[in-house]
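Undergrad: Hey, dropping entry-v9.cif in here, mmCIF, C-alpha atoms:
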data_target
loop_
_atom_site.label_atom_id
_atom_site.label_comp_id
_atom_site.auth_asym_id
_atom_site.auth_seq_id
_atom_site.Cartn_x
_atom_site.Cartn_y
_atom_site.Cartn_z
CA MET A 255 198.61 72.48 60.73
CA ASP A 256 199.29 70.28 63.69
CA LYS A 257 196.49 67.77 64.35
CA LYS A 258 196.60 68.58 68.05
CA LEU A 259 196.06 72.28 67.35
CA ILE A 260 193.20 71.46 64.98
CA SER A 261 191.61 69.33 67.68
CA ILE A 262 191.92 72.16 70.20
CA TRP A 263 190.35 74.71 67.86
CA GLY A 264 187.64 72.24 66.95
CA GLY A 265 186.82 71.74 70.62
CA ILE A 266 186.71 75.50 71.19
CA LEU A 267 184.38 75.95 68.19
CA LEU A 268 182.08 73.14 69.32
CA GLY A 269 182.00 74.53 72.84
CA SER A 270 181.13 77.96 71.52
CA ILE A 271 178.28 76.53 69.46
CA LEU A 272 176.93 74.61 72.46
CA LEU A 273 177.20 77.74 74.60
CA VAL A 274 175.25 79.78 72.02
CA VAL A 275 172.57 77.08 71.82
CA PHE A 276 172.35 76.98 75.62
CA PHE A 277 171.86 80.75 75.96
CA LEU A 278 169.42 80.74 73.03
CA ASN A 279 167.32 78.15 74.89
CA ILE A 280 167.46 80.25 78.05
CA PHE A 281 166.37 83.30 76.04
CA GLN A 282 163.42 81.40 74.56
CA ILE A 283 162.34 80.10 77.97
CA ILE A 284 162.41 83.57 79.50
CA TYR A 285 160.80 85.51 76.71
CA PHE A 286 158.41 83.05 75.16
CA ASN A 287 157.30 80.81 78.00
CA GLU A 288 157.33 83.24 80.90
CA LYS A 289 156.90 86.75 79.51
CA TYR A 290 154.40 86.18 76.71
CA TYR A 291 150.87 84.79 76.97
CA LYS A 292 147.98 84.05 74.65
CA VAL A 293 144.88 85.98 75.78
CA PRO A 294 141.96 83.61 76.57
CA ASN A 295 138.39 84.24 75.45
CA LEU A 296 136.68 85.81 78.48
CA LYS A 297 133.37 86.65 76.78
CA THR A 298 130.17 85.12 78.25
CA TYR A 299 131.97 84.55 81.58
CA THR A 300 131.43 86.42 84.84
CA LEU A 301 134.26 88.49 86.34
CA GLU A 302 134.79 85.85 89.05
CA ARG A 303 135.12 83.05 86.49
CA ALA A 304 137.40 85.17 84.29
CA GLN A 305 139.70 85.78 87.27
CA GLU A 306 139.89 82.03 87.82
CA MET A 307 140.79 81.50 84.15
CA LEU A 308 143.81 83.80 84.54
CA THR A 309 145.09 82.01 87.65
CA GLY A 310 148.70 80.98 87.11
CA THR A 311 149.34 83.65 84.48
CA GLU A 312 150.80 87.11 84.86
CA LEU A 313 147.78 88.74 83.21
CA HIS A 314 145.29 90.94 85.02
CA ILE A 315 141.65 91.93 84.50
CA LYS A 316 140.66 95.59 84.46
CA GLU A 317 136.92 96.23 84.55
CA MET A 318 136.06 99.20 82.32
CA GLY A 319 132.36 99.50 83.14
CA ASP A 320 129.00 97.99 82.29
CA GLU A 321 126.69 98.52 79.33
CA PHE A 322 123.49 97.06 77.90
CA SER A 323 124.12 94.12 75.56
CA ASP A 324 122.57 90.92 74.22
CA LEU A 325 124.31 88.86 76.92
CA PRO A 326 122.76 88.17 80.34
CA LEU A 327 123.40 90.45 83.30
CA GLY A 328 126.91 90.07 84.77
CA GLU A 329 128.60 88.40 81.78
CA ILE A 330 131.58 89.90 79.94
CA PHE A 331 130.49 90.99 76.45
CA LEU A 332 133.64 92.85 75.27
CA GLN A 333 137.36 92.49 75.93
CA GLU A 334 140.55 94.24 74.81
CA PRO A 335 142.85 92.71 73.59
CA GLU A 336 140.73 90.12 71.79
CA ALA A 337 141.09 86.39 72.46
CA ASP A 338 144.22 84.65 71.05
CA THR A 339 146.23 87.89 70.99
CA ILE A 340 149.85 87.40 72.19
CA VAL A 341 150.77 89.86 74.95
CA LYS A 342 153.58 90.42 77.44
CA LYS A 343 153.23 89.50 81.08
CA ASN A 344 151.55 91.95 83.47
CA ARG A 345 149.23 93.11 80.67
CA ASN A 346 145.80 94.34 81.74
CA ILE A 347 142.91 92.68 79.91
CA LYS A 348 140.17 95.31 79.71
CA VAL A 349 136.64 93.94 80.01
CA TRP A 350 133.14 95.38 79.82
CA VAL A 351 130.30 93.67 81.71
CA SER A 352 126.74 93.31 80.44
CA LYS A 353 123.84 95.08 82.15
CA GLY A 354 121.46 92.77 80.27
CA SER A 355 119.17 93.75 77.44
CA ALA A 356 118.34 97.43 77.07
CA LEU A 357 114.98 98.33 78.59
CA ILE A 358 112.35 100.07 76.50
CA ASP A 359 109.68 102.42 77.82
CA VAL A 360 106.38 101.58 76.14
CA PRO A 361 105.43 104.88 74.43
CA ASN A 362 101.98 106.42 74.71
CA LEU A 363 100.26 105.00 71.62
CA THR A 364 96.69 105.55 72.84
CA GLY A 365 94.66 107.76 70.52
CA MET A 366 96.96 107.15 67.54
CA ASN A 367 96.01 105.43 64.30
CA PHE A 368 96.90 101.77 64.73
CA LEU A 369 99.14 101.69 61.63
CA ASP A 370 101.22 104.59 62.96
CA ALA A 371 101.34 103.06 66.44
CA LYS A 372 102.47 99.73 64.98
CA VAL A 373 105.39 101.39 63.19
CA ILE A 374 106.51 103.18 66.38
CA ALA A 375 106.29 99.98 68.45
CA GLU A 376 108.34 98.04 65.92
CA GLN A 377 110.95 100.82 65.70
CA LYS A 378 111.33 100.49 69.48
CA GLY A 379 112.13 96.80 68.99
CA LEU A 380 108.77 95.45 70.20
CA ILE A 381 106.78 92.73 68.45
CA VAL A 382 103.09 93.37 67.73
CA ASP A 383 101.11 90.44 69.12
CA LYS A 384 97.31 90.46 69.41
CA VAL A 385 95.16 93.16 67.85
CA VAL A 386 91.59 93.17 69.19
CA SER A 387 88.96 95.38 67.55
CA ILE A 388 85.98 96.87 69.40
CA LYS A 389 83.37 99.51 68.60
CA THR A 390 83.69 102.56 70.81
CA GLN A 391 83.80 106.33 70.62
CA GLY A 392 86.60 107.85 68.61
CA MET A 393 88.11 107.51 65.17
CA TYR A 394 88.12 104.28 63.20
CA ASN A 395 91.32 102.24 63.72
CA GLU A 396 92.26 104.38 66.73
CA VAL A 397 94.27 102.70 69.49
CA VAL A 398 92.11 102.44 72.62
CA ALA A 399 94.73 100.76 74.85
CA THR A 400 97.91 98.69 74.79
CA ASP A 401 99.07 95.75 76.83
CA PRO A 402 101.46 96.37 78.53
CA PRO A 403 100.29 99.96 79.14
CA THR A 404 102.24 103.18 78.60
CA ASN A 405 105.55 103.59 80.51
CA THR A 406 105.92 99.88 81.22
CA LEU A 407 109.59 98.81 80.99
CA MET A 408 110.16 96.01 78.47
CA THR A 409 113.11 94.46 76.65
CA LYS A 410 113.60 94.32 72.90
CA GLY A 411 111.77 91.41 71.30
CA GLU A 412 108.91 91.36 73.81
CA LYS A 413 105.31 91.42 72.59
CA VAL A 414 102.76 94.22 72.84
CA SER A 415 99.01 93.84 72.13
CA PHE A 416 96.56 96.49 70.94
CA LEU A 417 92.89 97.24 71.55
CA VAL A 418 91.66 99.11 68.48
CA ASN A 419 88.41 100.90 67.60
CA GLY A 420 87.19 99.16 64.48
CA SER A 421 84.43 96.57 64.74
CA GLU A 422 80.91 97.22 63.42
CA GLN A 423 79.20 96.22 66.64
CA ILE A 424 80.03 96.47 70.30
CA ALA A 425 81.39 93.07 71.24
CA GLU A 426 80.33 91.71 74.61
CA VAL A 427 82.40 89.51 76.86
CA LYS A 428 81.70 87.73 80.13
CA MET A 429 83.49 89.14 83.15
CA PRO A 430 86.01 86.53 84.39
CA ASP A 431 86.35 85.57 88.05
CA LEU A 432 89.45 87.33 89.41
CA ILE A 433 88.89 86.84 93.14
CA GLY A 434 91.90 85.11 94.72
CA LYS A 435 94.12 85.70 91.68
CA THR A 436 97.41 87.57 91.85
CA PHE A 437 97.56 90.98 90.19
CA ASP A 438 99.76 89.67 87.35
CA SER A 439 97.36 86.78 86.73
CA ALA A 440 94.39 89.18 86.77
CA ILE A 441 96.03 91.39 84.12
CA GLU A 442 96.68 88.36 81.93
CA ILE A 443 93.08 87.13 82.29
CA LEU A 444 91.61 90.55 81.56
CA THR A 445 93.78 90.96 78.48
CA LYS A 446 92.69 87.58 77.12
CA ASN A 447 89.09 88.71 77.57
CA THR A 448 89.77 92.09 75.87
CA LEU A 449 89.24 94.00 79.12
CA ILE A 450 91.42 96.70 80.68
CA VAL A 451 92.68 97.24 84.24
CA GLY A 452 91.18 100.42 85.70
CA ASN A 453 91.88 101.89 89.14
CA VAL A 454 93.75 99.70 91.61
CA GLU A 455 93.20 100.08 95.35
CA PHE A 456 94.61 98.24 98.37
CA SER A 457 92.86 96.92 101.45
CA SER A 458 93.82 94.71 104.36
CA VAL A 459 91.85 91.59 105.29
CA PRO A 460 93.97 89.51 107.74
CA GLU A 461 92.28 86.16 107.12
CA ILE A 462 92.84 86.33 103.34
CA LYS A 463 96.08 85.63 101.50
CA LYS A 464 98.09 88.75 100.74
CA ASN A 465 98.66 90.21 97.26
CA VAL A 466 95.52 88.68 95.73
CA ILE A 467 92.42 90.27 94.27
CA ILE A 468 89.58 90.54 96.83
CA LYS A 469 87.16 92.69 94.83
CA SER A 470 86.44 93.83 91.27
CA SER A 471 84.13 96.60 90.05
CA VAL A 472 82.17 94.08 87.93
CA SER A 473 80.89 90.75 89.25
CA ALA A 474 82.11 87.53 87.63
CA GLY A 475 79.82 86.28 84.87
CA THR A 476 78.36 89.71 84.01
CA LYS A 477 78.27 90.50 80.28
CA ILE A 478 80.04 93.78 79.51
CA PRO A 479 81.39 95.53 76.38
CA ALA A 480 84.86 94.47 75.25
CA GLY A 481 87.41 97.10 76.21
CA SER A 482 85.67 97.92 79.48
CA SER A 483 87.83 99.16 82.36
CA ILE A 484 87.75 96.99 85.51
CA ASP A 485 88.68 98.45 88.90
CA LEU A 486 90.41 96.08 91.32
CA VAL A 487 91.07 95.87 95.08
CA ILE A 488 94.19 93.98 96.25
CA ASN A 489 94.69 92.59 99.74
CA ASN A 490 97.92 93.73 101.33
#
Go ahead and express the file in the form of structure tokens.
TA:
Amino acid sequence: MDKKLISIWGGILLGSILLVVFFLNIFQIIYFNEKYYKVPNLKTYTLERAQEMLTGTELHIKEMGDEFSDLPLGEIFLQEPEADTIVKKNRNIKVWVSKGSALIDVPNLTGMNFLDAKVIAEQKGLIVDKVVSIKTQGMYNEVVATDPPTNTLMTKGEKVSFLVNGSEQIAEVKMPDLIGKTFDSAIEILTKNTLIVGNVEFSSVPEIKKNVIIKSSVSAGTKIPAGSSIDLVINN
């Protein structure tokens, strides 16, 4: 075969190969660099931060709703597709946002045997903290009160204390001084002294700071039985 003809065919073949390589590169650029993306991990981020993370991509966030979870309020706790999944452009990334930890209603455990009440509290996800025994009317080992009280909203893992009928003698405690304390502080002080909050009333004394205790049904320093109920008046 003529060398000139061979050279021509060789040039055509080489040109064809270069043309195929060129179009193959174009195909890869279009389909792998522009149309496909690796999904980032959006969990633990807020919706606003997740939107920022997708800036410059052709992916979109679709909020599916909110549910209770172990993550703080407002953070994404579930996404679909999962992180590192390869998806085409314009894909919606479905996300679910945390409502925070599930709230638990403290059940009515008063009057129950402490052992039964303890099981119920732990099944609810609460941790039994202090157990204070006093001698009072009722059955032995009967729950007299809980702290926090019935119907208080708590989160899993929080602590609940019990006042239980069980000691041989009526224990006496000294009434703490609650005047000028906030209601939350008063509850904490009473609980530490094995006392219970009774009726709560409100009054208005202009010259005194608002939302503090201005009167209690028992004077500070008075010795009273443990488990006694203390009525309070709050300035509003």
Undergrad: List the spatial neighbours of region 458-472 of chain A as a list in words - criterion: any atom at most 6 Å away, all atoms listed in the file, same-chain residues fewer than 2 positions off excluded.
TA: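 Selected residues are Ile433, Gly434, Lys435, Thr436, Ile484, Asp485, Leu486, Val487, Ile488, Asn489 and Asn490 of chain A.
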Undergrad: Residues of the last selection are to be written out with C-alpha atoms, as a PDB file, in the frame of the given file.
TA:
ATOM      1  CA  ILE A 433      88.890  86.840  93.140  1.00  0.00           C
ATOM      2  CA  GLY A 434      91.900  85.110  94.720  1.00  0.00           C
ATOM      3  CA  LYS A 435      94.120  85.700  91.680  1.00  0.00           C
ATOM      4  CA  THR A 436      97.410  87.570  91.850  1.00  0.00           C
ATOM      5  CA  ILE A 484      87.750  96.990  85.510  1.00  0.00           C
ATOM      6  CA  ASP A 485      88.680  98.450  88.900  1.00  0.00           C
ATOM      7  CA  LEU A 486      90.410  96.080  91.320  1.00  0.00           C
ATOM      8  CA  VAL A 487      91.070  95.870  95.080  1.00  0.00           C
ATOM      9  CA  ILE A 488      94.190  93.980  96.250  1.00  0.00           C
ATOM     10  CA  ASN A 489      94.690  92.590  99.740  1.00  0.00           C
ATOM     11  CA  ASN A 490      97.920  93.730 101.330  1.00  0.00           C
TER      12      ASN A 490
END
Undergrad: Can you tell me how far CA of Leu449 (chain A) sits from CA of Ala356 (chain A), in Å to one decimal?
TA: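 Interatomic distance here is 29.4 Å.
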Undergrad: For Glu376 (chain A), please output as JSON, numbers by chain all residues within 12 Å (counting all atoms listed in the file; exclusion window: fewer than 5 positions along the same chain).
TA: {"A": [358, 360, 361, 369, 370, 371, 381, 382, 383, 410, 411, 412, 413, 414, 415]}
Undergrad: I'd like to know which of A:Thr311, A:Ser483, A:Gln377, A:Asn453 is closest to Lys342 (chain A), using all atoms listed in the file.
TA: A:Thr311
Undergrad: Closest to Pro402 (chain A) among A:Met318, A:Ile271, A:Leu363, A:Ala304, using all atoms listed in the file?
TA: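 Looking only at the distances to Pro402 (chain A), the closest residue turns out to be A:Leu363.
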Undergrad: What does the structure give for the distance between CA of Leu327 (chain A) and CA of Leu407 (chain A), in Å to one decimal?
TA: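 For CA of Leu327 (chain A) relative to CA of Leu407 (chain A), the distance reads 16.3 Å.
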Undergrad: Go through A:Tyr299, A:Phe456, A:Phe368, A:Phe416 one by one, measure the shortest atom-to-atom distance of each to Val349 (chain A) using all atoms listed in the file, and give the residue with the smallest value.
TA: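 With all atoms listed in the file as the atom set, the closest residue is A:Tyr299.
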Undergrad: Quick one, how far is CA of Lys292 (chain A) from CA of Ala337 (chain A)?
TA: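 Separating CA of Lys292 (chain A) from CA of Ala337 (chain A) is a distance of 7.6 Å.
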Undergrad: Identify the residues within 10 Å of coordinate (90.8, 84.8, 87.3) (same frame as the file), considering all atoms listed in the file, and give the answer as a count of residues only.
TA: 17
Undergrad: Give the answer as one residue: which of A:Asn447, A:Phe331, A:Asp324, A:Arg345 has the shortest atom-to-atom distance to Lys384 (chain A), using only C-alpha atoms?
TA: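 Ranking A:Asn447, A:Phe331, A:Asp324, A:Arg345 by distance to Lys384 (chain A), first place goes to A:Asn447.
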Undergrad: What would the selection look like, as a PyMOL selection string, if the PyMOL selection byres ((chain A and resi 362) around 10) were run on the coordinates I just shared?
TA: chain A and resi 359-361+363-366+371+375+399-400+403-405
Undergrad: Any chance you could work out the residue set of the PyMOL selection byres ((chain A and resi 293) around 7) here, as a ChimeraX atom specification?
TA: /A:291-292,294-295,337-340
Undergrad: Spell out the residues picked by the PyMOL selection byres ((chain A and resi 396) around 7) here, as a list of chain:residue names.
TA: A:Gly365, A:Met366, A:Asn367, A:Phe368, A:Gly392, A:Met393, A:Tyr394, A:Asn395, A:Val397, A:Val398, A:Val418, A:Asn419
Undergrad: Box along x, y and z, 4 Å on every side, all listed atoms of region 425-436 of chain A inside: centre and edge lengths in Å to one decimal, as JSON.
TA:
{"center_x": 88.9, "center_y": 89.1, "center_z": 83.0, "size_x": 25.1, "size_y": 16.0, "size_z": 31.5}
Undergrad: What would the list of residues within 9 Å of (117.9, 98.1, 77.1) (file frame) look like as an NGL selection string, if all atoms listed in the file are what count?
TA: :A and (322-323 or 353-358 or 408-410)
Undergrad: Keeping only C-alpha atoms, write those residues as a compact mmCIF listing (two decimals), in the coordinates of the input.
TA:
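Contents of out_5.txt, freshly written:
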# COMPACT_ATOMS: atom_id res chain seq x y z
CA PHE A 322 123.49 97.06 77.90
CA SER A 323 124.12 94.12 75.56
CA LYS A 353 123.84 95.08 82.15
CA GLY A 354 121.46 92.77 80.27
CA SER A 355 119.17 93.75 77.44
CA ALA A 356 118.34 97.43 77.07
CA LEU A 357 114.98 98.33 78.59
CA ILE A 358 112.35 100.07 76.50
CA MET A 408 110.16 96.01 78.47
CA THR A 409 113.11 94.46 76.65
CA LYS A 410 113.60 94.32 72.90
Undergrad: If we count only C-alpha atoms, what is near Thr300 (chain A) at a cut-off of 12 Å, once residues fewer than 5 positions away on the same chain are taken out, given as a list in words?
TA: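 The neighbour list is Asn295, Gln305, Glu306, Met307, Ile315, Glu317, Leu325, Pro326, Leu327, Gly328, Glu329, Ile330, Phe331, Leu332, Val349, Trp350, Val351, Ser352 and Lys353 of chain A.
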Undergrad: Which residue gives the smallest distance to Glu312 (chain A) among A:Thr406, A:Ser457, A:Asn346, A:Thr298, with only C-alpha atoms counted?
TA: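 Comparing A:Thr406, A:Ser457, A:Asn346, A:Thr298 against Glu312 (chain A), the winner is A:Asn346.
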Undergrad: Kindly complete region 362-373 of chain A to N, CA and C atoms; the output should be written as a CSV table (one decimal), in the frame of the given file.
TA:
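The resulting file, out23.csv, is reproduced below:
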chain,number,residue,atom,x,y,z
A,362,ASN,N,103.4,106.2,74.7
A,362,ASN,CA,102.0,106.4,74.7
A,362,ASN,C,101.4,106.3,73.3
A,363,LEU,N,100.8,105.2,73.0
A,363,LEU,CA,100.3,105.0,71.6
A,363,LEU,C,98.7,105.2,71.6
A,364,THR,N,98.1,105.4,72.8
A,364,THR,CA,96.7,105.6,72.8
A,364,THR,C,96.2,106.8,72.1
A,365,GLY,N,95.2,106.6,71.3
A,365,GLY,CA,94.7,107.8,70.5
A,365,GLY,C,95.3,107.9,69.1
A,366,MET,N,96.3,107.1,68.9
A,366,MET,CA,97.0,107.2,67.5
A,366,MET,C,96.3,106.2,66.6
A,367,ASN,N,96.4,106.4,65.3
A,367,ASN,CA,96.0,105.4,64.3
A,367,ASN,C,96.8,104.2,64.5
A,368,PHE,N,96.2,103.0,64.4
A,368,PHE,CA,96.9,101.8,64.7
A,368,PHE,C,98.1,101.6,63.8
A,369,LEU,N,98.0,101.9,62.5
A,369,LEU,CA,99.1,101.7,61.6
A,369,LEU,C,100.4,102.5,62.0
A,370,ASP,N,100.1,103.8,62.5
A,370,ASP,CA,101.2,104.6,63.0
A,370,ASP,C,101.8,104.0,64.3
A,371,ALA,N,100.9,103.6,65.2
A,371,ALA,CA,101.3,103.1,66.4
A,371,ALA,C,102.2,101.8,66.2
A,372,LYS,N,101.8,101.0,65.3
A,372,LYS,CA,102.5,99.7,65.0
A,372,LYS,C,103.9,100.0,64.5
A,373,VAL,N,104.1,101.0,63.7
A,373,VAL,CA,105.4,101.4,63.2
A,373,VAL,C,106.3,101.8,64.3
